[in-house]
Each structure stands twice: as C-alpha cells, then as structure tokens.
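Text of coords-v7.cif (mmCIF, N, CA and C atoms) as supplied:
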```cif
data_work
#
loop_
_atom_site.label_atom_id
_atom_site.label_comp_id
_atom_site.auth_asym_id
_atom_site.auth_seq_id
_atom_site.Cartn_x
_atom_site.Cartn_y
_atom_site.Cartn_z
N MET A 1 29.33 -16.35 -64.65
CA MET A 1 28.40 -17.44 -64.46
C MET A 1 28.69 -18.12 -63.12
N VAL A 2 27.61 -18.46 -62.38
CA VAL A 2 27.73 -19.06 -61.07
C VAL A 2 27.68 -20.57 -61.21
N SER A 3 28.59 -21.25 -60.55
CA SER A 3 28.62 -22.71 -60.64
C SER A 3 27.52 -23.32 -59.77
N ILE A 4 27.15 -24.53 -60.08
CA ILE A 4 26.12 -25.25 -59.33
C ILE A 4 26.60 -25.52 -57.91
N LYS A 5 27.89 -25.80 -57.73
CA LYS A 5 28.44 -26.04 -56.40
C LYS A 5 28.30 -24.82 -55.52
N ALA A 6 28.52 -23.63 -56.06
CA ALA A 6 28.40 -22.39 -55.29
C ALA A 6 26.96 -22.17 -54.84
N VAL A 7 26.00 -22.47 -55.70
CA VAL A 7 24.59 -22.32 -55.36
C VAL A 7 24.19 -23.30 -54.27
N ARG A 8 24.65 -24.54 -54.36
CA ARG A 8 24.34 -25.54 -53.35
C ARG A 8 24.94 -25.16 -52.00
N LYS A 9 26.17 -24.63 -51.97
CA LYS A 9 26.79 -24.21 -50.72
C LYS A 9 26.00 -23.07 -50.10
N THR A 10 25.55 -22.14 -50.91
CA THR A 10 24.77 -21.01 -50.39
C THR A 10 23.46 -21.50 -49.80
N LYS A 11 22.78 -22.43 -50.48
CA LYS A 11 21.52 -22.97 -49.97
C LYS A 11 21.75 -23.74 -48.67
N ALA A 12 22.84 -24.47 -48.57
CA ALA A 12 23.14 -25.24 -47.37
C ALA A 12 23.36 -24.32 -46.18
N LYS A 13 24.01 -23.18 -46.41
CA LYS A 13 24.26 -22.24 -45.32
C LYS A 13 22.99 -21.55 -44.87
N THR A 14 22.10 -21.20 -45.78
CA THR A 14 20.89 -20.46 -45.42
C THR A 14 19.78 -21.37 -44.93
N LYS A 15 19.94 -22.68 -45.02
CA LYS A 15 18.89 -23.61 -44.64
C LYS A 15 19.04 -24.08 -43.18
N SER A 16 19.61 -23.25 -42.29
CA SER A 16 19.79 -23.66 -40.90
C SER A 16 18.48 -23.62 -40.13
N ARG A 17 17.50 -22.86 -40.61
CA ARG A 17 16.20 -22.81 -39.96
C ARG A 17 15.32 -23.93 -40.49
N LYS A 18 14.45 -24.44 -39.62
CA LYS A 18 13.49 -25.44 -40.05
C LYS A 18 12.38 -24.76 -40.84
N GLN A 19 11.71 -25.53 -41.65
CA GLN A 19 10.60 -25.00 -42.43
C GLN A 19 9.41 -24.76 -41.50
N GLY A 20 8.60 -23.73 -41.79
CA GLY A 20 7.40 -23.44 -40.99
C GLY A 20 7.70 -22.53 -39.83
N GLY A 21 6.75 -22.45 -38.90
CA GLY A 21 6.88 -21.58 -37.73
C GLY A 21 7.99 -22.02 -36.82
N GLN A 22 8.73 -21.07 -36.32
CA GLN A 22 9.85 -21.36 -35.43
C GLN A 22 9.36 -21.44 -33.98
N PRO A 23 10.10 -22.11 -33.10
CA PRO A 23 9.69 -22.21 -31.70
C PRO A 23 9.46 -20.83 -31.10
N GLY A 24 8.34 -20.69 -30.40
CA GLY A 24 8.00 -19.41 -29.78
C GLY A 24 7.26 -18.46 -30.70
N ASN A 25 7.07 -18.84 -31.95
CA ASN A 25 6.39 -18.00 -32.93
C ASN A 25 4.92 -17.88 -32.55
N LYS A 26 4.43 -16.65 -32.42
CA LYS A 26 3.04 -16.42 -32.03
C LYS A 26 2.20 -15.87 -33.18
N ASN A 27 2.66 -16.03 -34.41
CA ASN A 27 1.94 -15.49 -35.56
C ASN A 27 0.52 -16.05 -35.66
N ALA A 28 0.33 -17.32 -35.34
CA ALA A 28 -1.00 -17.91 -35.43
C ALA A 28 -1.96 -17.23 -34.47
N MET A 29 -1.48 -16.86 -33.30
CA MET A 29 -2.34 -16.20 -32.33
C MET A 29 -2.60 -14.75 -32.74
N ARG A 30 -1.60 -14.08 -33.27
CA ARG A 30 -1.75 -12.67 -33.62
C ARG A 30 -2.48 -12.46 -34.94
N HIS A 31 -2.26 -13.35 -35.89
CA HIS A 31 -2.79 -13.15 -37.23
C HIS A 31 -3.75 -14.25 -37.66
N GLY A 32 -4.10 -15.15 -36.75
CA GLY A 32 -4.94 -16.28 -37.10
C GLY A 32 -6.38 -15.89 -37.37
N PHE A 33 -7.16 -16.90 -37.71
CA PHE A 33 -8.55 -16.71 -38.12
C PHE A 33 -9.36 -16.00 -37.03
N TYR A 34 -9.14 -16.35 -35.77
CA TYR A 34 -9.93 -15.79 -34.68
C TYR A 34 -9.29 -14.59 -34.01
N ALA A 35 -8.09 -14.22 -34.40
CA ALA A 35 -7.33 -13.19 -33.69
C ALA A 35 -8.10 -11.88 -33.57
N LYS A 36 -8.80 -11.48 -34.60
CA LYS A 36 -9.52 -10.20 -34.54
C LYS A 36 -10.75 -10.27 -33.65
N ARG A 37 -11.14 -11.46 -33.24
CA ARG A 37 -12.32 -11.64 -32.40
C ARG A 37 -12.03 -11.43 -30.91
N PHE A 38 -10.75 -11.42 -30.53
CA PHE A 38 -10.40 -11.30 -29.12
C PHE A 38 -10.13 -9.85 -28.74
N THR A 39 -10.48 -9.51 -27.50
CA THR A 39 -10.18 -8.18 -26.99
C THR A 39 -8.69 -8.08 -26.68
N ALA A 40 -8.22 -6.88 -26.38
CA ALA A 40 -6.80 -6.69 -26.06
C ALA A 40 -6.42 -7.50 -24.82
N GLU A 41 -7.29 -7.52 -23.82
CA GLU A 41 -7.01 -8.26 -22.59
C GLU A 41 -6.95 -9.77 -22.88
N GLU A 42 -7.85 -10.26 -23.73
CA GLU A 42 -7.83 -11.68 -24.09
C GLU A 42 -6.59 -12.01 -24.91
N GLN A 43 -6.19 -11.12 -25.81
CA GLN A 43 -4.96 -11.32 -26.60
C GLN A 43 -3.75 -11.43 -25.67
N THR A 44 -3.70 -10.57 -24.65
CA THR A 44 -2.58 -10.59 -23.70
C THR A 44 -2.53 -11.94 -22.98
N ARG A 45 -3.70 -12.43 -22.55
CA ARG A 45 -3.76 -13.73 -21.87
C ARG A 45 -3.27 -14.85 -22.79
N LEU A 46 -3.67 -14.80 -24.05
CA LEU A 46 -3.30 -15.86 -24.99
C LEU A 46 -1.85 -15.76 -25.42
N ASP A 47 -1.32 -14.53 -25.55
CA ASP A 47 0.06 -14.36 -25.98
C ASP A 47 1.06 -14.82 -24.93
N SER A 48 0.62 -14.94 -23.67
CA SER A 48 1.54 -15.36 -22.61
C SER A 48 1.84 -16.85 -22.67
N GLN A 49 1.14 -17.59 -23.52
CA GLN A 49 1.33 -19.04 -23.63
C GLN A 49 2.17 -19.39 -24.86
N ASP A 50 2.92 -20.48 -24.76
CA ASP A 50 3.63 -21.03 -25.91
C ASP A 50 2.60 -21.71 -26.79
N SER A 51 2.53 -21.33 -28.05
CA SER A 51 1.45 -21.81 -28.93
C SER A 51 1.53 -23.30 -29.25
N THR A 52 2.62 -23.98 -28.91
CA THR A 52 2.72 -25.40 -29.18
C THR A 52 2.44 -26.26 -27.95
N ASP A 53 2.09 -25.65 -26.86
CA ASP A 53 1.88 -26.35 -25.61
C ASP A 53 0.39 -26.60 -25.37
N VAL A 54 0.07 -27.64 -24.63
CA VAL A 54 -1.32 -27.92 -24.27
C VAL A 54 -1.88 -26.75 -23.45
N GLN A 55 -1.01 -26.08 -22.71
CA GLN A 55 -1.47 -24.95 -21.90
C GLN A 55 -2.03 -23.82 -22.75
N ALA A 56 -1.58 -23.68 -23.99
CA ALA A 56 -2.14 -22.66 -24.88
C ALA A 56 -3.59 -22.98 -25.20
N GLU A 57 -3.90 -24.26 -25.41
CA GLU A 57 -5.28 -24.66 -25.68
C GLU A 57 -6.14 -24.48 -24.43
N ILE A 58 -5.57 -24.76 -23.27
CA ILE A 58 -6.28 -24.56 -22.01
C ILE A 58 -6.60 -23.08 -21.84
N ALA A 59 -5.63 -22.22 -22.13
CA ALA A 59 -5.85 -20.77 -22.02
C ALA A 59 -6.94 -20.30 -22.98
N LEU A 60 -6.95 -20.84 -24.20
CA LEU A 60 -7.95 -20.46 -25.19
C LEU A 60 -9.35 -20.86 -24.71
N ILE A 61 -9.49 -22.06 -24.19
CA ILE A 61 -10.80 -22.50 -23.70
C ILE A 61 -11.24 -21.64 -22.52
N ARG A 62 -10.32 -21.29 -21.64
CA ARG A 62 -10.69 -20.45 -20.49
C ARG A 62 -11.14 -19.06 -20.92
N VAL A 63 -10.48 -18.50 -21.92
CA VAL A 63 -10.90 -17.19 -22.44
C VAL A 63 -12.31 -17.29 -23.01
N CYS A 64 -12.56 -18.33 -23.78
CA CYS A 64 -13.90 -18.52 -24.38
C CYS A 64 -14.95 -18.78 -23.30
N MET A 65 -14.59 -19.54 -22.27
CA MET A 65 -15.52 -19.79 -21.17
C MET A 65 -15.86 -18.51 -20.42
N ASP A 66 -14.85 -17.67 -20.18
CA ASP A 66 -15.09 -16.39 -19.52
C ASP A 66 -16.05 -15.53 -20.34
N ARG A 67 -15.82 -15.50 -21.64
CA ARG A 67 -16.67 -14.70 -22.52
C ARG A 67 -18.11 -15.22 -22.50
N LEU A 68 -18.27 -16.53 -22.61
CA LEU A 68 -19.61 -17.12 -22.61
C LEU A 68 -20.30 -16.89 -21.27
N THR A 69 -19.57 -17.03 -20.18
CA THR A 69 -20.15 -16.80 -18.86
C THR A 69 -20.68 -15.38 -18.73
N ASN A 70 -19.96 -14.41 -19.28
CA ASN A 70 -20.42 -13.02 -19.24
C ASN A 70 -21.65 -12.79 -20.11
N GLU A 71 -21.87 -13.65 -21.10
CA GLU A 71 -23.01 -13.51 -22.01
C GLU A 71 -24.28 -14.18 -21.49
N LEU A 72 -24.16 -15.07 -20.51
CA LEU A 72 -25.33 -15.81 -20.03
C LEU A 72 -26.41 -14.86 -19.52
N ASN A 73 -27.64 -15.14 -19.92
CA ASN A 73 -28.77 -14.34 -19.49
C ASN A 73 -29.91 -15.30 -19.17
N PHE A 74 -30.35 -15.31 -17.91
CA PHE A 74 -31.39 -16.24 -17.48
C PHE A 74 -32.78 -15.63 -17.51
N LYS A 75 -32.89 -14.45 -18.09
CA LYS A 75 -34.19 -13.79 -18.18
C LYS A 75 -35.12 -14.65 -19.04
N ILE A 76 -36.35 -14.85 -18.57
CA ILE A 76 -37.30 -15.69 -19.29
C ILE A 76 -37.82 -14.93 -20.51
N VAL A 77 -37.64 -15.54 -21.67
CA VAL A 77 -38.13 -14.99 -22.93
C VAL A 77 -39.10 -16.00 -23.51
N THR A 78 -40.31 -15.54 -23.83
CA THR A 78 -41.31 -16.44 -24.40
C THR A 78 -41.79 -15.92 -25.75
N THR A 79 -42.30 -16.84 -26.55
CA THR A 79 -42.90 -16.48 -27.83
C THR A 79 -44.29 -17.12 -27.90
N VAL A 80 -45.18 -16.50 -28.62
CA VAL A 80 -46.53 -17.02 -28.78
C VAL A 80 -46.74 -17.28 -30.27
N ASP A 81 -47.16 -18.51 -30.59
CA ASP A 81 -47.39 -18.83 -32.00
C ASP A 81 -48.83 -18.48 -32.41
N MET A 82 -49.20 -18.81 -33.64
CA MET A 82 -50.51 -18.45 -34.19
C MET A 82 -51.68 -19.10 -33.43
N GLN A 83 -51.43 -20.26 -32.84
CA GLN A 83 -52.49 -20.95 -32.09
C GLN A 83 -52.55 -20.51 -30.64
N GLY A 84 -51.71 -19.59 -30.23
CA GLY A 84 -51.70 -19.10 -28.86
C GLY A 84 -50.84 -19.92 -27.93
N ASN A 85 -50.05 -20.84 -28.47
CA ASN A 85 -49.15 -21.65 -27.63
C ASN A 85 -47.96 -20.80 -27.20
N ILE A 86 -47.65 -20.85 -25.93
CA ILE A 86 -46.53 -20.09 -25.38
C ILE A 86 -45.32 -21.02 -25.29
N THR A 87 -44.22 -20.58 -25.85
CA THR A 87 -42.99 -21.36 -25.86
C THR A 87 -41.88 -20.53 -25.21
N ARG A 88 -41.16 -21.18 -24.31
CA ARG A 88 -40.03 -20.50 -23.67
C ARG A 88 -38.79 -20.66 -24.55
N ASP A 89 -38.08 -19.55 -24.77
CA ASP A 89 -36.85 -19.59 -25.54
C ASP A 89 -35.79 -20.37 -24.78
N ASP A 90 -35.11 -21.28 -25.45
CA ASP A 90 -34.12 -22.12 -24.78
C ASP A 90 -32.68 -21.74 -25.13
N HIS A 91 -32.48 -20.50 -25.57
CA HIS A 91 -31.14 -20.05 -25.93
C HIS A 91 -30.17 -20.18 -24.76
N TYR A 92 -30.61 -19.82 -23.58
CA TYR A 92 -29.73 -19.90 -22.41
C TYR A 92 -29.37 -21.35 -22.09
N LEU A 93 -30.30 -22.30 -22.37
CA LEU A 93 -29.98 -23.71 -22.14
C LEU A 93 -28.90 -24.18 -23.11
N LYS A 94 -28.94 -23.69 -24.33
CA LYS A 94 -27.90 -24.03 -25.31
C LYS A 94 -26.56 -23.45 -24.87
N GLN A 95 -26.59 -22.24 -24.30
CA GLN A 95 -25.35 -21.65 -23.79
C GLN A 95 -24.80 -22.47 -22.63
N LEU A 96 -25.67 -22.91 -21.73
CA LEU A 96 -25.22 -23.74 -20.61
C LEU A 96 -24.67 -25.07 -21.10
N ASN A 97 -25.29 -25.65 -22.13
CA ASN A 97 -24.79 -26.89 -22.71
C ASN A 97 -23.40 -26.68 -23.29
N THR A 98 -23.22 -25.57 -24.01
CA THR A 98 -21.91 -25.25 -24.58
C THR A 98 -20.88 -25.05 -23.48
N LEU A 99 -21.26 -24.37 -22.41
CA LEU A 99 -20.35 -24.16 -21.28
C LEU A 99 -19.96 -25.50 -20.66
N GLY A 100 -20.92 -26.42 -20.56
CA GLY A 100 -20.62 -27.75 -20.03
C GLY A 100 -19.64 -28.50 -20.91
N LEU A 101 -19.82 -28.42 -22.23
CA LEU A 101 -18.89 -29.08 -23.15
C LEU A 101 -17.49 -28.46 -23.07
N MET A 102 -17.44 -27.14 -22.92
CA MET A 102 -16.15 -26.48 -22.79
C MET A 102 -15.47 -26.89 -21.49
N THR A 103 -16.24 -27.04 -20.42
CA THR A 103 -15.69 -27.47 -19.13
C THR A 103 -15.14 -28.89 -19.25
N GLN A 104 -15.86 -29.74 -19.97
CA GLN A 104 -15.39 -31.11 -20.19
C GLN A 104 -14.09 -31.11 -20.99
N SER A 105 -14.00 -30.28 -22.02
CA SER A 105 -12.77 -30.18 -22.82
C SER A 105 -11.62 -29.66 -21.97
N LEU A 106 -11.91 -28.67 -21.13
CA LEU A 106 -10.89 -28.13 -20.24
C LEU A 106 -10.36 -29.20 -19.30
N SER A 107 -11.27 -30.00 -18.76
CA SER A 107 -10.87 -31.09 -17.87
C SER A 107 -9.99 -32.10 -18.59
N THR A 108 -10.37 -32.46 -19.81
CA THR A 108 -9.58 -33.42 -20.59
C THR A 108 -8.20 -32.88 -20.90
N LEU A 109 -8.13 -31.60 -21.31
CA LEU A 109 -6.82 -31.00 -21.61
C LEU A 109 -5.96 -30.88 -20.36
N THR A 110 -6.57 -30.55 -19.23
CA THR A 110 -5.82 -30.45 -17.98
C THR A 110 -5.26 -31.81 -17.59
N ARG A 111 -6.07 -32.86 -17.74
CA ARG A 111 -5.61 -34.22 -17.46
C ARG A 111 -4.48 -34.61 -18.41
N THR A 112 -4.63 -34.26 -19.67
CA THR A 112 -3.58 -34.57 -20.66
C THR A 112 -2.28 -33.86 -20.29
N HIS A 113 -2.39 -32.59 -19.92
CA HIS A 113 -1.20 -31.83 -19.52
C HIS A 113 -0.54 -32.49 -18.31
N TYR A 114 -1.35 -32.91 -17.34
CA TYR A 114 -0.81 -33.56 -16.15
C TYR A 114 -0.09 -34.86 -16.51
N LEU A 115 -0.69 -35.64 -17.43
CA LEU A 115 -0.07 -36.90 -17.83
C LEU A 115 1.23 -36.68 -18.59
N ILE A 116 1.26 -35.63 -19.41
CA ILE A 116 2.47 -35.33 -20.18
C ILE A 116 3.59 -34.87 -19.26
N LYS A 117 3.27 -33.97 -18.35
CA LYS A 117 4.29 -33.39 -17.47
C LYS A 117 4.56 -34.22 -16.23
N GLY A 118 3.64 -35.11 -15.87
CA GLY A 118 3.81 -35.89 -14.66
C GLY A 118 3.60 -35.02 -13.43
N LYS A 119 4.02 -35.49 -12.29
CA LYS A 119 3.86 -34.75 -11.05
C LYS A 119 5.01 -33.77 -10.87
N GLY A 120 5.10 -32.82 -11.79
CA GLY A 120 6.16 -31.84 -11.71
C GLY A 120 7.43 -32.29 -12.42
N GLY A 121 7.47 -33.53 -12.90
CA GLY A 121 8.65 -34.04 -13.59
C GLY A 121 8.42 -34.07 -15.08
N ASP A 122 9.17 -34.91 -15.74
CA ASP A 122 8.99 -35.01 -17.18
C ASP A 122 8.30 -36.33 -17.53
N VAL A 123 8.10 -36.59 -18.77
CA VAL A 123 7.39 -37.77 -19.23
C VAL A 123 8.09 -39.05 -18.80
N ALA A 124 9.40 -39.09 -18.93
CA ALA A 124 10.15 -40.30 -18.58
C ALA A 124 9.96 -40.65 -17.10
N ASP A 125 10.00 -39.64 -16.23
CA ASP A 125 9.79 -39.90 -14.80
C ASP A 125 8.38 -40.43 -14.54
N ALA A 126 7.39 -39.85 -15.23
CA ALA A 126 6.00 -40.29 -15.04
C ALA A 126 5.83 -41.74 -15.50
N ILE A 127 6.44 -42.10 -16.62
CA ILE A 127 6.35 -43.47 -17.13
C ILE A 127 7.04 -44.43 -16.18
N MET A 128 8.21 -44.07 -15.70
CA MET A 128 8.94 -44.94 -14.77
C MET A 128 8.17 -45.14 -13.47
N THR A 129 7.54 -44.09 -12.98
CA THR A 129 6.74 -44.20 -11.76
C THR A 129 5.55 -45.13 -11.98
N ALA A 130 4.88 -44.97 -13.12
CA ALA A 130 3.73 -45.83 -13.44
C ALA A 130 4.16 -47.29 -13.56
N LEU A 131 5.28 -47.54 -14.23
CA LEU A 131 5.78 -48.90 -14.37
C LEU A 131 6.16 -49.51 -13.02
N GLU A 132 6.75 -48.71 -12.16
CA GLU A 132 7.13 -49.20 -10.83
C GLU A 132 5.88 -49.56 -10.02
N GLU A 133 4.85 -48.71 -10.08
CA GLU A 133 3.60 -49.00 -9.38
C GLU A 133 2.96 -50.27 -9.92
N LEU A 134 2.99 -50.45 -11.23
CA LEU A 134 2.44 -51.64 -11.85
C LEU A 134 3.22 -52.89 -11.42
N ARG A 135 4.56 -52.78 -11.38
CA ARG A 135 5.40 -53.89 -10.94
C ARG A 135 5.08 -54.30 -9.51
N LEU A 136 4.90 -53.31 -8.63
CA LEU A 136 4.59 -53.61 -7.24
C LEU A 136 3.21 -54.25 -7.11
N GLU A 137 2.25 -53.78 -7.88
CA GLU A 137 0.90 -54.36 -7.85
C GLU A 137 0.91 -55.82 -8.28
N MET A 138 1.70 -56.12 -9.29
CA MET A 138 1.76 -57.47 -9.85
C MET A 138 2.68 -58.37 -9.02
N GLY A 139 3.43 -57.81 -8.09
CA GLY A 139 4.32 -58.60 -7.25
C GLY A 139 5.53 -59.14 -7.98
N ILE A 140 5.99 -58.38 -8.97
CA ILE A 140 7.13 -58.83 -9.76
C ILE A 140 8.41 -58.27 -9.17
#
```
Let me see whether you can do it: turn the structure in this file into structure tokens.
Amino acid sequence: MVSIKAVRKTKAKTKSRKQGGQPGNKNAMRHGFYAKRFTAEEQTRLDSQDSTDVQAEIALIRVCMDRLTNELNFKIVTTVDMQGNITRDDHYLKQLNTLGLMTQSLSTLTRTHYLIKGKGGDVADAIMTALEELRLEMGI
C-alpha cells in the first residue's frame, strides 16, 4: 500500500511545469481552428513568430491581407432584375472595406507593439522616458 505522503511527494516533483501551453508552444498555430486554411508558405510565416507576442497577431493579419489582396477583382459585374434595373455588384467594395479594417487593425497592433517595446528598449525604459518628458513639460 502506498502512503499519502509518497503520493504527494511524487505529485510535487512532477508538477514543475505550469498548466496549459508552455512558452514557445506552437500547437495553436499548427492545430488550431484556422490552421488547415493556411498554405504551407503561410504556415511557415506564422510559425516563425512566438504565439504569445503581439508580432504573431501582426503576422496573422499580414498573411490575411496578402491573401485578400490577391483575391481582389475590379472587373465590373452587373445584374438585371425583373424590371430591367441594372445593378452593379459591390463585392469588391466589401473586400476593399475589409482590407481597410485589416489595415487599421495592423496599425493599432503595430502601435501597441511599439508602446510595449519602446524605442528598442523595454517597457520600464519607455515609461521612464515618458515620465521624464512629462516632468520637463510641466517644469517640475
């Protein structure tokens, strides 16, 4: 019969890993909901990023933007209804709108990444620089 103390010691030794995905784990990218939707070249681009970094989201948006850009078609497509009214298909306008929203998201994520990392430094340096600039502006 195994004592309770022996079981607890064994659990304590094996519990050195944190619960959930470990740092550098790319399982979400390889096996995630959208993983089968990406080409091999797109998978390579996405796998080069750390999945917990803002840069991974930036890479994902860029891959999607590239794909959408390749899909754009400006050829005029019209339909005629029962009354003879001619209507131009606006599918390409919806694609351009989506591309604009993706560009806006990319800009926001890039700005966020810049604020997190600072001007090549870390967060603490960026905060200290901002506080120093504020102090000088206020004349303190």
Handout entry: Expected answer as a PyMOL selection string: helix (DSSP H, G or I) residues in range 43-131 of chain A
Key = chain A and resi 43-47+54-71+91-117+123-131
Handout entry: Residues within 8 Å of range 56-63 of chain A, only C-alpha atoms, excluding chain neighbours under 6 positions, as a list in words
Key =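 Everything that qualifies: Glu42, Arg45, Leu46, Gln49, Asp50, Met102, Ser105, Leu106, Leu109 and Thr110 of chain A.
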Prev. selection, N, CA and C atoms, output as a compact mmCIF listing (two decimals), in the coordinates of the input:
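Output file part28.txt follows:
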```txt
# COMPACT_ATOMS: atom_id res chain seq x y z
N GLU A 42 -7.85 -10.26 -23.73
CA GLU A 42 -7.83 -11.68 -24.09
C GLU A 42 -6.59 -12.01 -24.91
N ARG A 45 -3.70 -12.43 -22.55
CA ARG A 45 -3.76 -13.73 -21.87
C ARG A 45 -3.27 -14.85 -22.79
N LEU A 46 -3.67 -14.80 -24.05
CA LEU A 46 -3.30 -15.86 -24.99
C LEU A 46 -1.85 -15.76 -25.42
N GLN A 49 1.14 -17.59 -23.52
CA GLN A 49 1.33 -19.04 -23.63
C GLN A 49 2.17 -19.39 -24.86
N ASP A 50 2.92 -20.48 -24.76
CA ASP A 50 3.63 -21.03 -25.91
C ASP A 50 2.60 -21.71 -26.79
N MET A 102 -17.44 -27.14 -22.92
CA MET A 102 -16.15 -26.48 -22.79
C MET A 102 -15.47 -26.89 -21.49
N SER A 105 -14.00 -30.28 -22.02
CA SER A 105 -12.77 -30.18 -22.82
C SER A 105 -11.62 -29.66 -21.97
N LEU A 106 -11.91 -28.67 -21.13
CA LEU A 106 -10.89 -28.13 -20.24
C LEU A 106 -10.36 -29.20 -19.30
N LEU A 109 -8.13 -31.60 -21.31
CA LEU A 109 -6.82 -31.00 -21.61
C LEU A 109 -5.96 -30.88 -20.36
N THR A 110 -6.57 -30.55 -19.23
CA THR A 110 -5.82 -30.45 -17.98
C THR A 110 -5.26 -31.81 -17.59
```
Handout entry: For atom N of Thr98 in chain A and atom C of Ile116 in chain A, the interatomic separation in Å (one decimal)
Key =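 Straight-line distance from atom N of Thr98 in chain A to atom C of Ile116 in chain A works out to 28.8 Å.
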Fill in the blank from the handout: Val54 in chain A proximity check over A:Phe38, A:Thr112, A:Met128, A:Arg135, using only C-alpha atoms: winner is A:Thr112
Problem - For atom C of Arg67 in chain A and atom C of Thr39 in chain A, the interatomic separation in Å (one decimal) - result: 12.5 Å
Completion exercise
Between CA of Lys75 in chain A and atom N of Thr103 in chain A lies a distance of 22.4 Å
Exercise for the section: Go through A:Asn73, A:Thr129, A:Leu136, A:Ala124 one by one, measure the shortest atom-to-atom distance of each to Leu93 in chain A using only N, CA and C atoms, and give the residue with the smallest value. Expected result: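 Using only N, CA and C atoms, Leu93 in chain A sits closest to A:Asn73.
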